[in-house]
file target.tsv (TSV, C-alpha atoms)
chain	number	residue	atom	x	y	z
R	1	MET	CA	116.40	88.38	132.95
R	2	ALA	CA	117.83	91.34	131.03
R	3	GLY	CA	119.53	88.93	128.63
R	4	ASN	CA	116.28	87.07	128.00
R	5	ILE	CA	114.41	90.33	127.40
R	6	THR	CA	117.03	91.50	124.91
R	7	ALA	CA	117.02	88.12	123.16
R	8	ALA	CA	113.22	88.12	122.91
R	9	ILE	CA	113.08	91.58	121.36
R	10	VAL	CA	115.94	90.94	118.91
R	11	ILE	CA	114.50	87.58	117.82
R	12	ALA	CA	111.04	89.15	117.44
R	13	TYR	CA	112.40	91.97	115.30
R	14	LEU	CA	114.30	89.54	113.06
R	15	LEU	CA	111.24	87.32	112.71
R	16	GLY	CA	109.16	90.35	111.75
R	17	SER	CA	111.80	91.40	109.24
R	18	ILE	CA	111.44	88.24	107.13
R	19	PRO	CA	109.84	89.71	103.97
R	20	PHE	CA	107.67	86.84	102.79
R	21	ALA	CA	105.86	89.01	100.22
R	22	TYR	CA	109.18	90.05	98.70
R	23	ILE	CA	110.58	86.50	98.72
R	24	ILE	CA	107.50	84.96	97.10
R	25	SER	CA	107.19	87.66	94.44
R	26	ARG	CA	110.85	87.16	93.53
R	27	LEU	CA	110.54	83.38	93.38
R	28	ARG	CA	107.23	83.28	91.50
R	29	LYS	CA	107.50	86.18	89.03
R	30	ASP	CA	110.97	87.63	89.56
R	31	VAL	CA	109.52	91.01	90.49
R	32	ASP	CA	110.08	93.31	93.44
R	33	ILE	CA	106.70	93.54	95.19
R	34	ARG	CA	107.62	97.10	96.20
R	35	ASP	CA	107.61	98.14	92.54
R	36	VAL	CA	104.22	96.72	91.53
R	37	GLY	CA	100.63	97.41	92.48
R	38	GLY	CA	100.38	99.50	95.62
R	39	GLY	CA	104.02	98.82	96.47
R	40	ASN	CA	103.15	97.40	99.89
R	41	VAL	CA	105.21	94.44	101.12
R	42	GLY	CA	102.18	92.55	102.31
R	43	ALA	CA	99.60	89.88	101.65
R	44	LEU	CA	97.02	91.93	99.73
R	45	ASN	CA	99.51	93.31	97.22
R	46	THR	CA	100.90	89.79	96.75
R	47	TYR	CA	97.36	88.45	96.27
R	48	ARG	CA	96.64	91.00	93.57
R	49	GLN	CA	99.99	90.95	91.77
R	50	ILE	CA	101.29	87.40	92.20
R	51	GLY	CA	98.13	85.35	92.75
R	52	PRO	CA	95.51	84.37	95.36
R	53	LEU	CA	97.33	81.28	96.64
R	54	TRP	CA	100.53	83.22	97.17
R	55	GLY	CA	98.74	86.15	98.77
R	56	LEU	CA	97.04	83.84	101.27
R	57	SER	CA	100.39	82.15	101.92
R	58	VAL	CA	101.96	85.52	102.73
R	59	LEU	CA	99.00	86.36	104.99
R	60	ALA	CA	99.50	83.12	106.95
R	61	ALA	CA	103.27	83.62	107.15
R	62	ASP	CA	103.00	87.24	108.30
R	63	ILE	CA	100.48	86.25	110.98
R	64	LEU	CA	102.79	83.42	112.05
R	65	LYS	CA	105.65	85.90	112.55
R	66	GLY	CA	103.63	87.68	115.22
R	67	VAL	CA	102.55	84.44	116.87
R	68	LEU	CA	106.10	83.09	117.03
R	69	ALA	CA	107.47	86.35	118.42
R	70	VAL	CA	105.09	86.13	121.38
R	71	PHE	CA	105.65	82.38	121.88
R	72	VAL	CA	109.44	82.82	121.95
R	73	ALA	CA	109.14	85.68	124.45
R	74	ARG	CA	106.92	83.57	126.69
R	75	TRP	CA	109.25	80.59	126.39
R	76	LEU	CA	112.08	82.83	127.60
R	77	GLY	CA	110.03	83.50	130.73
R	78	ILE	CA	109.96	87.30	130.62
R	79	PRO	CA	107.21	89.46	132.21
R	80	LEU	CA	104.02	90.15	130.26
R	81	ALA	CA	104.92	93.78	129.53
R	82	TRP	CA	108.12	92.63	127.83
R	83	VAL	CA	106.26	89.90	125.96
R	84	CYS	CA	104.11	92.70	124.55
R	85	ALA	CA	107.26	94.68	123.72
R	86	ALA	CA	108.55	91.67	121.78
R	87	GLY	CA	105.28	91.49	119.87
R	88	PHE	CA	105.62	95.16	119.00
R	89	ALA	CA	109.22	94.52	117.86
R	90	ALA	CA	107.88	91.95	115.37
R	91	VAL	CA	105.51	94.57	113.94
R	92	VAL	CA	108.36	97.09	113.72
R	93	GLY	CA	110.44	94.44	111.94
R	94	HIS	CA	107.69	93.90	109.38
R	95	ASN	CA	107.31	97.63	108.75
R	96	TRP	CA	111.04	98.42	108.72
R	97	PRO	CA	112.83	95.13	107.89
R	98	VAL	CA	116.59	95.10	108.13
R	99	PHE	CA	116.69	92.70	105.15
R	100	LEU	CA	115.01	95.22	102.81
R	101	LYS	CA	116.84	98.36	103.91
R	102	PHE	CA	113.97	99.21	106.27
R	103	ARG	CA	111.30	99.45	103.56
R	104	GLY	CA	108.48	97.08	104.46
R	105	GLY	CA	104.73	96.79	104.81
R	106	LYS	CA	102.13	98.27	107.13
R	107	GLY	CA	102.03	95.39	109.62
R	108	ALA	CA	98.31	94.55	109.94
R	109	ALA	CA	98.79	90.78	109.50
R	110	THR	CA	101.66	90.67	111.98
R	111	VAL	CA	99.56	92.69	114.44
R	112	ILE	CA	96.83	90.07	114.09
R	113	GLY	CA	99.41	87.35	114.78
R	114	VAL	CA	100.63	89.08	117.94
R	115	LEU	CA	97.06	89.54	119.17
R	116	VAL	CA	96.15	85.93	118.32
R	117	ALA	CA	99.02	84.71	120.49
R	118	LEU	CA	98.03	86.99	123.38
R	119	THR	CA	94.21	86.91	123.28
R	120	PRO	CA	93.17	84.27	120.70
R	121	ALA	CA	89.37	84.49	120.74
R	122	GLU	CA	89.21	88.27	120.61
R	123	ALA	CA	91.86	88.50	117.90
R	124	VAL	CA	90.22	85.88	115.70
R	125	ILE	CA	86.91	87.76	115.85
R	126	GLY	CA	88.63	91.03	114.95
R	127	GLY	CA	90.76	89.43	112.24
R	128	VAL	CA	87.87	87.63	110.55
R	129	THR	CA	85.84	90.85	110.60
R	130	ALA	CA	88.77	92.76	109.08
R	131	ILE	CA	89.20	90.20	106.29
R	132	ALA	CA	85.45	90.31	105.61
R	133	LEU	CA	85.60	94.10	105.29
R	134	ILE	CA	88.43	93.81	102.78
R	135	GLY	CA	86.26	91.43	100.77
R	136	VAL	CA	83.35	93.87	100.76
R	137	THR	CA	85.17	97.18	100.27
R	138	ARG	CA	88.33	95.89	98.53
R	139	ASN	CA	90.02	98.50	100.75
R	140	PRO	CA	92.50	97.28	103.40
R	141	ARG	CA	92.53	100.67	105.12
R	142	LEU	CA	88.94	100.29	106.31
R	143	SER	CA	89.66	96.82	107.68
R	144	LEU	CA	91.77	98.39	110.42
R	145	GLY	CA	88.57	99.68	111.96
R	146	ALA	CA	87.45	96.10	112.59
R	147	LEU	CA	90.50	95.48	114.74
R	148	VAL	CA	89.11	98.01	117.23
R	149	LEU	CA	86.95	95.08	118.30
R	150	VAL	CA	89.98	93.44	119.91
R	151	PRO	CA	90.60	95.88	122.81
R	152	LEU	CA	86.83	96.28	123.21
R	153	LEU	CA	86.37	92.51	123.52
R	154	ASN	CA	89.37	92.32	125.85
R	155	TRP	CA	87.58	94.78	128.09
R	156	LEU	CA	84.23	92.97	127.85
R	157	PHE	CA	85.91	89.63	128.64
R	158	HIS	CA	87.67	91.19	131.65
R	159	ARG	CA	91.17	90.69	130.34
R	160	GLU	CA	94.12	92.09	132.27
R	161	LEU	CA	94.60	95.83	131.68
R	162	THR	CA	97.96	95.20	129.97
R	163	TYR	CA	96.21	93.27	127.17
R	164	ILE	CA	93.63	96.01	126.67
R	165	LEU	CA	96.16	98.85	126.54
R	166	PHE	CA	98.60	96.94	124.36
R	167	ALA	CA	95.92	96.02	121.79
R	168	LEU	CA	94.76	99.64	121.74
R	169	GLY	CA	98.34	100.86	121.36
R	170	LEU	CA	98.99	98.53	118.43
R	171	LEU	CA	95.90	99.80	116.65
R	172	VAL	CA	96.88	103.42	117.20
R	173	PHE	CA	100.34	102.61	115.82
R	174	ILE	CA	99.18	100.98	112.60
R	175	GLY	CA	96.43	103.59	112.24
R	176	LEU	CA	99.01	106.39	112.34
R	177	ARG	CA	101.25	104.40	109.99
R	178	THR	CA	98.36	104.12	107.54
R	179	LEU	CA	97.51	107.83	107.81
R	180	VAL	CA	101.11	108.84	107.10
R	181	SER	CA	101.12	106.61	104.03
R	182	LEU	CA	97.70	107.86	102.95
R	183	ALA	CA	98.80	111.49	103.09
R	184	GLY	CA	101.21	110.83	100.24
R	185	GLU	CA	98.90	108.50	98.33
R	186	LEU	CA	96.08	111.08	98.21
R	187	LYS	CA	98.08	113.07	95.70
R	188	ASN	CA	97.14	110.32	93.26
R	189	ALA	CA	93.71	110.69	91.62
R	190	ALA	CA	93.14	106.91	91.61
R	191	THR	CA	93.68	106.77	95.38
R	192	ARG	CA	91.15	109.55	95.96
R	193	LYS	CA	88.62	107.76	93.76
R	194	ASN	CA	89.08	104.51	95.69
R	195	LEU	CA	89.34	106.01	99.16
R	196	ILE	CA	86.29	104.17	100.55
R	197	ILE	CA	85.40	101.48	97.99
R	198	ASP	CA	88.19	100.29	95.69
R	199	ARG	CA	86.35	100.31	92.35
R	200	ASP	CA	89.36	98.97	90.45
R	201	TYR	CA	88.96	95.54	92.05
R	202	THR	CA	86.19	93.01	92.52
R	203	ALA	CA	85.25	91.53	95.89
R	204	TRP	CA	87.71	88.72	95.12
R	205	GLN	CA	90.53	91.22	94.61
R	206	THR	CA	90.95	90.71	90.87
R	207	ARG	CA	91.07	93.68	88.50
R	208	ARG	CA	87.74	94.52	86.92
R	209	ASP	CA	89.29	94.72	83.46
R	210	GLU	CA	90.75	91.19	83.64
call {"tool": "encode", "arguments": {"input": "target.tsv", "output": "structure tokens"}}
result
Amino acid sequence: MAGNITAAIVIAYLLGSIPFAYIISRLRKDVDIRDVGGGNVGALNTYRQIGPLWGLSVLAADILKGVLAVFVARWLGIPLAWVCAAGFAAVVGHNWPVFLKFRGGKGAATVIGVLVALTPAEAVIGGVTAIALIGVTRNPRLSLGALVLVPLLNWLFHRELTYILFALGLLVFIGLRTLVSLAGELKNAATRKNLIIDRDYTAWQTRRDE
């Protein structure tokens, strides 16, 4: 069992470390996604800097990383708590990928993927609400609040306590990760101006001056 647990966590971390945003930005425009836009190795920055189709492709791929991490862990037959640990390892891999010298994204899409694999209905509701908030506010930070729906719905649907606590723990993790990043970004006047509503972008995430 210990071997299966170790394999699940290592595989999950390596899956999470696949930097789809970086790969696509290199292939499409020969740029390092970390050096353009907000610098985040994620779907929204890819959407804005490389193009909508490619941003949505990265979103799907990053979600899939979380889903696969959980599926592999379950296939290996390990206890639920360790399946959750594997899901968390995928998020850690996305945020600190070994393939990019541990400089990655914030992990929201991979978190959604992990939650979709564990509690599909609740995660889809939270994920769709989060994406809708991004469309309205143009601000991915506020979308994290929508994911609070997931542990709440887990509780309302009488899910096992492990699911509720794990979903809550994931949200606390990415919330703290966002706050740490925001502390540095607030030194920038543009970030302060766009703290709630990102006025530099339209609802469809294109620059207003384009």
call {"tool": "closest_residue", "arguments": {"input": "target.tsv", "among": "R:Asn95, R:Thr119, R:Thr6, R:Ser25", "to": "R:Thr178", "atoms": "all atoms listed in the file"}}
result
R:Asn95
call {"tool": "residues_around", "arguments": {"input": "target.tsv", "residues": "R:Gly113", "least_positions_apart": "5", "cutoff": "7 Å", "atoms": "all atoms listed in the file", "output": "list of chain:residue names"}}
result
R:Ile63, R:Leu64, R:Lys65, R:Gly66, R:Val67
call {"tool": "atom_distance", "arguments": {"input": "target.tsv", "atom1": "atom CA of R:Asn154", "atom2": "atom CA of R:Ala86"}}
result
19.6 Å
call {"tool": "residues_around", "arguments": {"input": "target.tsv", "residues": "R:Val114", "least_positions_apart": "2", "cutoff": "6 Å", "atoms": "only C-alpha atoms", "output": "PDB file with C-alpha atoms, in the coordinates of the input"}}
result
ATOM      1  CA  GLY R  66     103.630  87.680 115.220  1.00  0.00           C
ATOM      2  CA  VAL R  67     102.550  84.440 116.870  1.00  0.00           C
ATOM      3  CA  GLY R  87     105.280  91.490 119.870  1.00  0.00           C
ATOM      4  CA  VAL R 111      99.560  92.690 114.440  1.00  0.00           C
ATOM      5  CA  ILE R 112      96.830  90.070 114.090  1.00  0.00           C
ATOM      6  CA  VAL R 116      96.150  85.930 118.320  1.00  0.00           C
ATOM      7  CA  ALA R 117      99.020  84.710 120.490  1.00  0.00           C
TER       8      ALA R 117
END
call {"tool": "closest_atom_pairs", "arguments": {"input": "target.tsv", "of": "stretch 72-137 of chain R", "to": "stretch 164-175 of chain R", "cutoff": "8 Å", "atoms": "only C-alpha atoms", "output": "Markdown table"}}
result
| residue | atom | partner | partner_atom | distance |
| --- | --- | --- | --- | --- |
| R:Cys84 | CA | R:Phe166 | CA | 7.0 |
| R:Phe88 | CA | R:Leu170 | CA | 7.5 |
| R:Lys106 | CA | R:Ile174 | CA | 6.8 |
| R:Gly107 | CA | R:Ile174 | CA | 6.9 |
| R:Ala108 | CA | R:Ile174 | CA | 7.0 |
| R:Val111 | CA | R:Leu170 | CA | 7.1 |
| R:Leu115 | CA | R:Ala167 | CA | 7.1 |
call {"tool": "closest_residue", "arguments": {"input": "target.tsv", "among": "R:Gly104, R:Pro120, R:Gly55, R:Pro79", "to": "R:Val41", "atoms": "only C-alpha atoms"}}
result
R:Gly104
call {"tool": "atom_distance", "arguments": {"input": "target.tsv", "atom1": "atom CA of R:Ile9", "atom2": "atom CA of R:Arg26"}}
result
28.3 Å
call {"tool": "atom_distance", "arguments": {"input": "target.tsv", "atom1": "atom CA of R:Arg34", "atom2": "atom CA of R:Ser57"}}
result
17.6 Å
call {"tool": "axis_aligned_box", "arguments": {"input": "target.tsv", "around": "stretch 37-44 of chain R", "padding_each_side": "3 Å", "output": "lines of an AutoDock Vina configuration file"}}
result
center_x = 101.1
center_y = 94.7
center_z = 97.4
size_x = 14.2
size_y = 15.6
size_z = 15.8
call {"tool": "closest_residue", "arguments": {"input": "target.tsv", "among": "R:Val58, R:Leu161, R:Leu133, R:Ala85", "to": "R:Ile33", "atoms": "all atoms listed in the file"}}
result
R:Val58
call {"tool": "closest_residue", "arguments": {"input": "target.tsv", "among": "R:Ala43, R:Val128, R:Leu14, R:Val92", "to": "R:Leu56", "atoms": "only C-alpha atoms"}}
result
R:Ala43
call {"tool": "residues_around", "arguments": {"input": "target.tsv", "residues": "R:Ile125", "least_positions_apart": "5", "cutoff": "10 Å", "atoms": "only C-alpha atoms", "output": "list in words"}}
result
Val116, Pro120, Ala130, Ala146, Leu147, Leu149, Val150 and Leu153 of chain R
call {"tool": "closest_residue", "arguments": {"input": "target.tsv", "among": "R:Asn40, R:Leu152, R:Phe71, R:Val31", "to": "R:Trp96", "atoms": "all atoms listed in the file"}}
result
R:Asn40
